[in-house]
$ cat entry35.csv   # CSV, C-alpha atoms and all ligand atoms
chain,number,residue,atom,x,y,z
A,1,MET,CA,-161.9,87.4,87.4
A,2,THR,CA,-162.7,84.1,85.8
A,3,ASP,CA,-166.1,84.3,84.1
A,4,ASP,CA,-167.5,84.2,80.6
A,5,ARG,CA,-165.5,87.3,79.7
A,6,GLN,CA,-162.2,85.7,80.7
A,7,ARG,CA,-161.1,82.0,80.9
A,8,MET,CA,-157.8,80.3,81.5
A,9,THR,CA,-156.5,76.8,81.7
A,10,SER,CA,-153.8,75.8,84.1
A,11,LYS,CA,-154.2,72.0,84.4
A,12,ARG,CA,-152.1,69.9,82.0
A,13,GLY,CA,-152.1,66.2,81.7
A,14,GLY,CA,-154.4,65.9,84.7
A,15,ARG,CA,-151.6,67.1,87.1
A,16,HIS,CA,-151.3,70.6,88.6
A,17,GLU,CA,-147.9,72.0,87.8
A,18,PRO,CA,-146.4,75.5,88.1
A,19,PRO,CA,-147.7,77.2,85.0
A,20,ARG,CA,-145.4,77.9,82.1
A,21,LEU,CA,-146.6,81.3,80.8
A,22,PRO,CA,-148.6,82.0,78.8
A,23,LEU,CA,-151.5,79.7,79.6
A,24,ALA,CA,-154.2,79.1,77.1
A,25,ALA,CA,-156.8,81.9,77.7
A,26,GLU,CA,-159.7,83.5,76.0
A,27,ALA,CA,-161.5,86.8,76.7
A,28,SER,CA,-164.2,88.9,75.1
A,29,ALA,CA,-165.6,92.4,75.1
A,30,PRO,CA,-168.8,93.9,73.8
A,31,ALA,CA,-169.7,96.4,71.1
A,32,LYS,CA,-171.1,99.8,72.3
A,33,LEU,CA,-173.7,102.3,71.3
A,34,ILE,CA,-173.6,106.0,72.1
A,35,LEU,CA,-177.1,106.8,73.1
A,36,CYS,CA,-176.5,110.6,73.0
A,37,GLY,CA,-173.8,113.2,73.3
A,38,GLU,CA,-171.2,112.0,70.8
A,39,HIS,CA,-168.7,114.6,69.6
A,40,ALA,CA,-169.8,117.1,72.2
A,41,VAL,CA,-168.3,114.6,74.7
A,42,VAL,CA,-164.8,115.3,73.3
A,43,TYR,CA,-165.4,118.9,74.4
A,44,ASN,CA,-166.3,118.0,78.0
A,45,ARG,CA,-170.0,117.7,77.7
A,46,PRO,CA,-171.8,114.6,79.0
A,47,ALA,CA,-172.7,111.6,77.0
A,48,ILE,CA,-174.5,108.3,77.6
A,49,ALA,CA,-173.3,105.0,76.2
A,50,LEU,CA,-174.5,101.4,76.4
A,51,PRO,CA,-172.7,98.1,75.9
A,52,LEU,CA,-174.2,95.7,73.3
A,53,ALA,CA,-173.6,92.4,75.1
A,54,ASP,CA,-174.6,90.2,72.2
A,55,VAL,CA,-172.2,91.6,69.7
A,56,ARG,CA,-168.6,90.8,70.8
A,57,ALA,CA,-164.9,90.7,70.0
A,58,ARG,CA,-163.0,87.6,71.2
A,59,VAL,CA,-159.3,87.1,71.6
A,60,ARG,CA,-157.7,83.7,72.3
A,61,VAL,CA,-154.1,83.2,73.5
A,62,SER,CA,-152.6,79.8,72.7
A,63,PRO,CA,-149.1,78.8,73.9
A,64,ARG,CA,-146.8,77.8,71.1
A,65,SER,CA,-143.3,76.3,70.9
A,66,TRP,CA,-142.0,79.1,68.7
A,67,ARG,CA,-140.6,82.3,70.1
A,68,GLY,CA,-142.4,85.6,70.3
A,69,VAL,CA,-145.9,86.8,69.9
A,70,HIS,CA,-147.8,86.0,66.6
A,71,PHE,CA,-151.1,87.6,65.8
A,72,SER,CA,-153.8,86.1,63.6
A,73,ALA,CA,-157.0,88.0,62.6
A,74,PRO,CA,-158.9,85.6,60.3
A,75,ASN,CA,-161.8,88.0,59.7
A,76,LEU,CA,-159.4,90.6,58.4
A,77,ARG,CA,-157.2,88.0,56.6
A,78,ARG,CA,-154.2,89.4,58.6
A,79,ARG,CA,-151.2,87.6,60.2
A,80,TRP,CA,-148.2,89.3,61.7
A,81,THR,CA,-145.7,89.1,64.5
A,82,LEU,CA,-144.9,91.6,67.1
A,83,ALA,CA,-141.2,91.5,66.2
A,84,GLU,CA,-141.9,92.3,62.5
A,85,ARG,CA,-144.6,94.9,63.1
A,86,PRO,CA,-143.8,96.5,66.5
A,87,ASP,CA,-145.6,99.7,65.4
A,88,ASP,CA,-148.9,98.0,64.7
A,89,THR,CA,-151.4,99.4,67.2
A,90,LEU,CA,-152.3,95.9,68.5
A,91,SER,CA,-148.6,95.0,68.8
A,92,MET,CA,-148.0,98.1,70.8
A,93,LEU,CA,-151.0,97.4,73.0
A,94,ALA,CA,-149.8,93.8,73.6
A,95,ASN,CA,-146.3,95.1,74.5
A,96,GLU,CA,-147.7,97.7,76.9
A,97,THR,CA,-150.0,95.2,78.5
A,98,LEU,CA,-147.3,92.6,79.0
A,99,HIS,CA,-145.1,95.3,80.5
A,100,SER,CA,-147.9,96.5,82.7
A,101,LEU,CA,-148.5,92.9,83.9
A,102,ASN,CA,-144.8,92.5,84.5
A,103,ALA,CA,-145.1,89.3,82.5
A,104,SER,CA,-142.2,87.7,80.7
A,105,PRO,CA,-143.7,84.7,78.9
A,106,THR,CA,-141.4,81.7,78.8
A,107,ASN,CA,-143.0,80.4,75.6
A,108,GLY,CA,-144.2,81.9,72.4
A,109,MET,CA,-147.9,82.6,71.8
A,110,LEU,CA,-150.5,82.9,69.1
A,111,VAL,CA,-153.0,85.6,69.6
A,112,THR,CA,-156.2,85.0,67.6
A,113,ILE,CA,-158.6,87.9,67.2
A,114,ARG,CA,-162.2,87.3,66.0
A,115,SER,CA,-164.9,90.0,66.0
A,116,LYS,CA,-168.6,90.1,65.2
A,117,ILE,CA,-168.5,93.9,65.4
A,118,PRO,CA,-168.3,95.7,62.0
A,119,ILE,CA,-165.3,97.9,61.8
A,120,ALA,CA,-165.5,101.7,61.4
A,121,SER,CA,-169.3,101.5,62.1
A,122,GLY,CA,-169.6,103.5,65.3
A,123,MET,CA,-170.0,100.4,67.4
A,124,GLY,CA,-166.6,100.5,69.1
A,125,SER,CA,-164.9,97.6,67.3
A,126,GLY,CA,-161.4,99.0,68.0
A,127,ALA,CA,-162.1,99.4,71.7
A,128,ALA,CA,-163.7,96.0,72.0
A,129,VAL,CA,-160.8,94.1,70.2
A,130,ALA,CA,-158.3,96.0,72.4
A,131,THR,CA,-160.2,95.2,75.6
A,132,ALA,CA,-160.5,91.6,74.8
A,133,LEU,CA,-156.7,91.5,73.9
A,134,VAL,CA,-155.8,93.1,77.3
A,135,ARG,CA,-158.1,90.7,79.2
A,136,ALA,CA,-156.8,87.6,77.3
A,137,LEU,CA,-153.1,88.5,78.0
A,138,ALA,CA,-153.9,89.1,81.7
A,139,ALA,CA,-155.6,85.7,81.9
A,140,ALA,CA,-152.8,84.0,80.0
A,141,SER,CA,-150.4,85.6,82.6
A,142,GLN,CA,-152.6,84.4,85.5
A,143,GLN,CA,-153.2,88.0,86.6
A,144,HIS,CA,-156.1,90.2,87.3
A,145,LEU,CA,-156.4,93.7,86.0
A,146,THR,CA,-159.1,96.0,87.2
A,147,ASN,CA,-161.6,97.5,84.7
A,148,GLU,CA,-160.0,100.9,85.4
A,149,HIS,CA,-156.6,99.5,84.4
A,150,ILE,CA,-157.9,97.8,81.3
A,151,SER,CA,-159.8,101.0,80.3
A,152,ALA,CA,-156.6,103.1,80.7
A,153,LEU,CA,-154.5,100.7,78.5
A,154,VAL,CA,-157.2,100.7,75.9
A,155,TYR,CA,-157.5,104.5,76.0
A,156,GLU,CA,-153.9,104.8,75.0
A,157,ASN,CA,-154.7,102.5,72.1
A,158,GLU,CA,-157.6,104.7,71.2
A,159,ARG,CA,-155.4,107.7,71.2
A,160,ARG,CA,-153.1,106.0,68.7
A,161,LEU,CA,-156.1,105.2,66.5
A,162,HIS,CA,-158.2,108.3,66.8
A,163,GLY,CA,-156.0,111.1,68.0
A,164,THR,CA,-158.3,112.8,70.5
A,165,PRO,CA,-160.8,110.3,71.9
A,166,SER,CA,-162.9,111.4,74.9
A,167,GLY,CA,-162.4,108.0,76.6
A,168,ILE,CA,-166.1,107.1,76.5
A,169,ASP,CA,-165.6,104.0,74.2
A,170,ASN,CA,-162.9,102.3,76.2
A,171,THR,CA,-164.9,103.1,79.4
A,172,VAL,CA,-168.2,101.6,78.4
A,173,VAL,CA,-166.6,98.6,76.8
A,174,ALA,CA,-164.3,97.8,79.7
A,175,PHE,CA,-166.9,98.3,82.4
A,176,GLU,CA,-169.6,96.7,80.3
A,177,ARG,CA,-172.5,98.7,81.7
A,178,PRO,CA,-174.5,101.8,80.8
A,179,ILE,CA,-172.6,104.9,81.7
A,180,TRP,CA,-173.0,108.6,82.1
A,181,PHE,CA,-169.6,110.0,81.0
A,182,VAL,CA,-168.1,113.5,81.3
A,183,ARG,CA,-164.5,114.1,80.3
A,184,GLN,CA,-163.1,116.5,82.9
A,185,ALA,CA,-161.5,119.8,81.9
A,186,VAL,CA,-158.1,119.9,83.5
A,187,GLU,CA,-156.4,122.9,82.0
A,188,GLN,CA,-159.1,124.8,80.3
A,189,GLN,CA,-158.6,128.6,79.9
A,190,GLY,CA,-161.3,129.9,77.6
A,191,GLU,CA,-163.1,129.2,74.5
A,192,GLY,CA,-160.9,127.5,72.0
A,193,GLU,CA,-157.7,127.8,73.9
A,194,THR,CA,-155.5,125.5,75.9
A,195,LYS,CA,-153.0,126.5,78.5
A,196,SER,CA,-149.9,125.3,76.7
A,197,GLY,CA,-149.0,127.8,74.0
A,198,ASP,CA,-147.3,125.7,71.4
A,199,GLU,CA,-148.8,125.3,67.9
A,200,SER,CA,-149.5,121.6,68.1
A,201,SER,CA,-151.3,121.8,71.4
A,202,SER,CA,-153.6,124.4,70.0
A,203,LEU,CA,-155.0,121.7,67.8
A,204,GLN,CA,-156.0,119.6,70.8
A,205,PRO,CA,-159.4,119.7,72.4
A,206,PRO,CA,-159.2,121.7,75.7
A,207,ALA,CA,-158.6,119.0,78.2
A,208,SER,CA,-156.5,116.1,79.4
A,209,SER,CA,-158.5,112.9,78.9
A,210,ALA,CA,-157.0,111.1,81.8
A,211,HIS,CA,-159.8,112.3,84.0
A,212,ALA,CA,-163.5,111.7,83.6
A,213,LEU,CA,-166.6,111.6,85.7
A,214,ILE,CA,-168.1,108.1,85.1
A,215,GLU,CA,-171.5,107.1,86.7
A,216,PRO,CA,-173.4,103.9,86.2
A,217,LEU,CA,-176.9,104.6,84.9
A,218,SER,CA,-180.2,102.9,85.7
A,219,PHE,CA,-183.4,102.9,83.8
A,220,ALA,CA,-187.0,103.1,85.2
A,221,ALA,CA,-188.5,101.5,82.1
A,222,PRO,CA,-187.2,99.1,79.4
A,223,PHE,CA,-186.7,100.4,75.9
A,224,THR,CA,-185.9,98.9,72.6
A,225,LEU,CA,-183.5,100.2,70.0
A,226,VAL,CA,-183.4,99.0,66.4
A,227,VAL,CA,-179.8,99.5,65.2
A,228,ALA,CA,-179.3,99.7,61.5
A,229,ASP,CA,-176.0,99.9,59.6
A,230,THR,CA,-175.6,102.2,56.6
A,231,GLY,CA,-172.9,99.8,55.3
A,232,VAL,CA,-170.7,102.9,54.8
A,233,ARG,CA,-167.4,102.5,56.7
A,234,SER,CA,-166.0,105.7,58.3
A,235,ALA,CA,-163.0,105.8,60.5
A,236,THR,CA,-163.7,107.7,63.7
A,237,ARG,CA,-160.7,110.0,63.4
A,238,MET,CA,-162.0,111.6,60.1
A,239,PRO,CA,-165.3,113.2,61.4
A,240,VAL,CA,-163.6,113.8,64.8
A,241,GLY,CA,-160.8,115.7,63.1
A,242,GLU,CA,-163.3,117.6,60.9
A,243,VAL,CA,-165.3,118.7,63.9
A,244,ARG,CA,-162.0,119.9,65.6
A,245,ARG,CA,-161.2,122.0,62.5
A,246,ARG,CA,-164.6,123.5,62.5
A,247,TRP,CA,-164.5,124.2,66.2
A,248,LEU,CA,-161.1,125.9,65.8
A,249,ALA,CA,-162.5,128.0,63.0
A,250,GLU,CA,-165.7,129.0,64.7
A,251,PRO,CA,-165.3,128.3,68.4
A,252,ALA,CA,-168.3,130.3,69.6
A,253,ARG,CA,-170.7,128.6,67.2
A,254,TYR,CA,-169.5,125.1,68.1
A,255,GLU,CA,-169.3,125.7,71.8
A,256,ALA,CA,-173.0,126.8,71.6
A,257,LEU,CA,-173.9,123.7,69.6
A,258,PHE,CA,-172.1,121.5,72.2
A,259,ASP,CA,-174.0,123.3,74.9
A,260,GLU,CA,-177.2,122.5,73.2
A,261,VAL,CA,-176.2,118.8,73.0
A,262,ARG,CA,-175.3,118.9,76.7
A,263,ASP,CA,-178.9,120.2,77.5
A,264,VAL,CA,-180.4,117.3,75.5
A,265,VAL,CA,-178.2,114.7,77.2
A,266,VAL,CA,-179.1,116.1,80.7
A,267,ARG,CA,-182.8,115.8,79.7
A,268,VAL,CA,-182.3,112.3,78.3
A,269,ARG,CA,-180.9,111.2,81.7
A,270,GLY,CA,-184.0,112.6,83.3
A,271,ALA,CA,-186.3,110.8,80.8
A,272,LEU,CA,-184.5,107.5,81.5
A,273,ALA,CA,-184.8,108.0,85.2
A,274,GLU,CA,-188.5,108.6,84.9
A,275,GLY,CA,-189.1,105.9,82.3
A,276,ASP,CA,-190.5,108.6,79.9
A,277,ILE,CA,-189.9,106.9,76.6
A,278,VAL,CA,-191.9,109.4,74.5
A,279,ALA,CA,-189.8,112.3,75.8
A,280,LEU,CA,-186.7,110.2,75.2
A,281,GLY,CA,-187.7,109.8,71.5
A,282,SER,CA,-188.1,113.6,70.9
A,283,LEU,CA,-184.7,114.2,72.6
A,284,LEU,CA,-183.0,111.6,70.4
A,285,ASP,CA,-184.5,113.4,67.3
A,286,ARG,CA,-183.1,116.7,68.6
A,287,ASN,CA,-179.7,115.2,69.1
A,288,HIS,CA,-179.7,113.9,65.5
A,289,GLU,CA,-180.6,117.4,64.2
A,290,LEU,CA,-177.7,118.9,66.2
A,291,LEU,CA,-175.3,116.2,64.9
A,292,HIS,CA,-176.5,117.1,61.4
A,293,THR,CA,-175.7,120.8,62.1
A,294,ILE,CA,-172.3,119.9,63.6
A,295,GLY,CA,-171.6,118.2,60.2
A,296,VAL,CA,-171.3,114.5,61.0
A,297,SER,CA,-174.4,113.1,59.5
A,298,SER,CA,-174.5,111.8,55.9
A,299,PRO,CA,-177.2,111.2,53.2
A,300,GLU,CA,-177.2,107.5,54.1
A,301,LEU,CA,-177.7,108.2,57.8
A,302,ASP,CA,-180.4,110.8,57.2
A,303,ARG,CA,-182.2,108.4,54.9
A,304,LEU,CA,-182.4,105.7,57.5
A,305,VAL,CA,-183.3,108.2,60.3
A,306,HIS,CA,-186.2,109.6,58.1
A,307,ALA,CA,-187.4,106.2,57.1
A,308,ALA,CA,-187.5,105.0,60.8
A,309,LYS,CA,-189.4,108.2,61.8
A,310,ALA,CA,-191.9,107.9,58.9
A,311,ALA,CA,-192.6,104.3,60.0
A,312,GLY,CA,-193.5,105.4,63.5
A,313,ALA,CA,-190.3,105.3,65.5
A,314,LEU,CA,-190.5,107.5,68.7
A,315,GLY,CA,-187.0,108.9,67.9
A,316,ALA,CA,-184.0,108.1,65.7
A,317,LYS,CA,-180.4,109.3,65.5
A,318,LEU,CA,-177.0,108.5,64.2
A,319,SER,CA,-174.7,106.9,66.7
A,320,GLY,CA,-170.9,107.2,67.1
A,321,ALA,CA,-168.7,109.4,65.0
A,322,GLY,CA,-170.9,109.5,61.9
A,323,TRP,CA,-170.4,110.0,58.2
A,324,GLY,CA,-171.4,106.4,57.9
A,325,GLY,CA,-171.7,103.5,60.4
A,326,VAL,CA,-174.9,103.0,62.4
A,327,MET,CA,-178.0,104.8,63.4
A,328,PHE,CA,-180.7,103.6,65.8
A,329,ALA,CA,-184.5,104.0,66.2
A,330,LEU,CA,-186.4,103.9,69.5
A,331,VAL,CA,-189.4,101.6,68.9
A,332,THR,CA,-192.4,100.2,70.7
A,333,PRO,CA,-193.6,96.6,70.4
A,334,GLU,CA,-196.3,98.0,68.0
A,335,THR,CA,-193.9,99.9,65.7
A,336,GLN,CA,-190.8,97.6,65.8
A,337,GLU,CA,-191.6,95.4,62.8
A,338,ARG,CA,-192.8,98.3,60.7
A,339,VAL,CA,-189.6,100.3,61.5
A,340,ILE,CA,-187.4,97.2,60.7
A,341,GLU,CA,-189.1,96.8,57.3
A,342,ALA,CA,-188.7,100.6,56.5
A,343,LEU,CA,-185.0,100.5,57.4
A,344,ARG,CA,-184.5,97.5,55.2
A,345,GLU,CA,-186.3,99.2,52.3
A,346,ALA,CA,-184.2,102.4,52.9
A,347,GLY,CA,-181.0,100.3,52.3
A,348,ALA,CA,-179.8,99.3,55.8
A,349,SER,CA,-177.0,96.7,55.3
A,350,SER,CA,-177.8,95.0,58.6
A,351,ILE,CA,-180.3,95.4,61.4
A,352,ARG,CA,-180.2,94.3,65.0
A,353,VAL,CA,-182.6,94.8,67.9
A,354,ASN,CA,-181.4,95.6,71.3
A,355,THR,CA,-183.6,95.8,74.4
A,356,VAL,CA,-182.3,97.8,77.4
A,357,HIS,CA,-183.8,96.4,80.5
A,358,ALA,CA,-185.1,98.4,83.4
A,359,THR,CA,-182.7,98.4,86.4
A,360,ILE,CA,-183.2,99.3,90.0
A,361,PRO,CA,-180.9,102.2,91.1
B,1,LIG,C1,-167.1,107.8,69.1
B,1,LIG,O1,-167.6,106.6,69.5
B,1,LIG,C2,-167.6,108.9,69.9
B,1,LIG,C3,-167.0,110.3,69.6
B,1,LIG,O2,-167.6,111.2,70.5
B,1,LIG,C4,-165.5,110.3,69.7
B,1,LIG,C5,-165.1,110.2,71.2
B,1,LIG,O3,-165.8,110.5,72.1
B,1,LIG,O4,-163.9,109.9,71.4
B,1,LIG,C6,-167.4,110.7,68.2
$ encode --input "entry35.csv" --output "structure tokens" --more "lines below"
Ligand code: MEV
Amino acid sequence: MTDDRQRMTSKRGGRHEPPRLPLAAEASAPAKLILCGEHAVVYNRPAIALPLADVRARVRVSPRSWRGVHFSAPNLRRRWTLAERPDDTLSMLANETLHSLNASPTNGMLVTIRSKIPIASGMGSGAAVATALVRALAAASQQHLTNEHISALVYENERRLHGTPSGIDNTVVAFERPIWFVRQAVEQQGEGETKSGDESSSLQPPASSAHALIEPLSFAAPFTLVVADTGVRSATRMPVGEVRRRWLAEPARYEALFDEVRDVVVRVRGALAEGDIVALGSLLDRNHELLHTIGVSSPELDRLVHAAKAAGALGAKLSGAGWGGVMFALVTPETQERVIEALREAGASSIRVNTVHATIP
């Protein structure tokens, strides 16, 4: 694929020559927003996620005369080499990708990572950087990887970062389209148990994440989300780990809460298919209440959600892992400016507007 997401240069000095790998290449990947179903999705309930095409991570590969792979992340003021930091998650991903591509670069390379996606904010920054890195390395090696392949490589990276990801982030970012996602239970026995009996596996959610039902979604009517950041950074693995501890301590209670989330998500899909934006708003409110009960909201998130509702939003909820990061409000053209103003007054550190267009199934 050679498009805006992935570009490579193979012509040098005006003559076409056999390429010396790596070629110069650049690729990007979008941020994501979980519309509904986060956390419960780790426990095999459905969730809906959207790409945010305007907010992207970009990775550039530049051939260099030195040996080996050098990384530079100017936003984070970080520089490192694969040889010095082989256990860095991006070094590991680069190694696995090059191995998967069967690529043995003849030259060294500089991998420059830039991202407009705030980190630890629920917008999938880690998955987007990883996806852009895999795409850029594939382009630099003059190879094509399918979205499934990219998603699988990024999933392994997510596992190293978050422990027990459902796989929804890498999927929506790699495929870059709205998705219905259900992680499939492979070896589920009963509430709170996994088949394998050793102690460490009893701390895992009850399924292998290698399998998921993924369906593209279409919308009967457009809708607009105002996305506001609390400014509080919260690494995904913290709330995800806490939910796991609570689920292990009170499996029946948490399974019932996850079932309630599932019912909301199923109804959200129906509302989207019918273009019923008012019903969508109430369902998003209910999802936020359930996330609050599950224990992943925060005073900052609740403040923004309440401010948006008081200003006339049809619905509002936190998005992503919680304890910080972003929330969004569903608005109409009439309420949009009022809601933005209210979110600003309630302390949002940044606000962006995202319109999801109607699509024909
Ligand atoms: C994070 O974007 C979504 C969570 O459900 C975790 C996951 O699905 O891996 C909180």
$ closest_residue --input "entry35.csv" --among "A:Ile119, A:Met92, A:Ala31, A:Ile351" --to "Glu156 of chain A" --atoms "all atoms listed in the file"
A:Met92
$ atom_distance --input "entry35.csv" --atom1 "atom C6 of ligand LIG 1 (chain B)" --atom2 "atom CA of Glu250 of chain A"
18.7 Å
$ closest_residue --input "entry35.csv" --among "A:Thr89, A:Leu225, A:Glu148, A:Gly324" --to "Glu337 of chain A" --atoms "all atoms listed in the file"
A:Leu225
$ residues_around --input "entry35.csv" --residues "segment 283-296 of chain A" --least-positions-apart "5" --cutoff "8 Å" --atoms "all atoms listed in the file" --output "ChimeraX atom specification"
/A:36-37,239,243,254,257,260-261,264-265,267-268,315-318,321-323
$ residues_near_ligand --input "entry35.csv" --ligand "ligand LIG 1 (chain B)" --cutoff "8 Å" --atoms "all atoms listed in the file" --output "ChimeraX atom specification"
/A:33-34,37-42,122-124,162,164-169,236-237,239-240,319-322
$ atom_distance --input "entry35.csv" --atom1 "atom CA of Gln142 of chain A" --atom2 "atom CA of Leu93 of chain A"
18.1 Å
$ closest_residue --input "entry35.csv" --among "A:Gly275, A:Arg269, A:Leu314, A:Ser349" --to "Leu301 of chain A" --atoms "only C-alpha atoms"
A:Ser349
$ residues_around --input "entry35.csv" --residues "Arg262 of chain A" --least-positions-apart "4" --cutoff "8 Å" --atoms "all atoms listed in the file" --output "JSON, numbers by chain"
{"A": [37, 40, 45, 46, 47, 258, 266]}
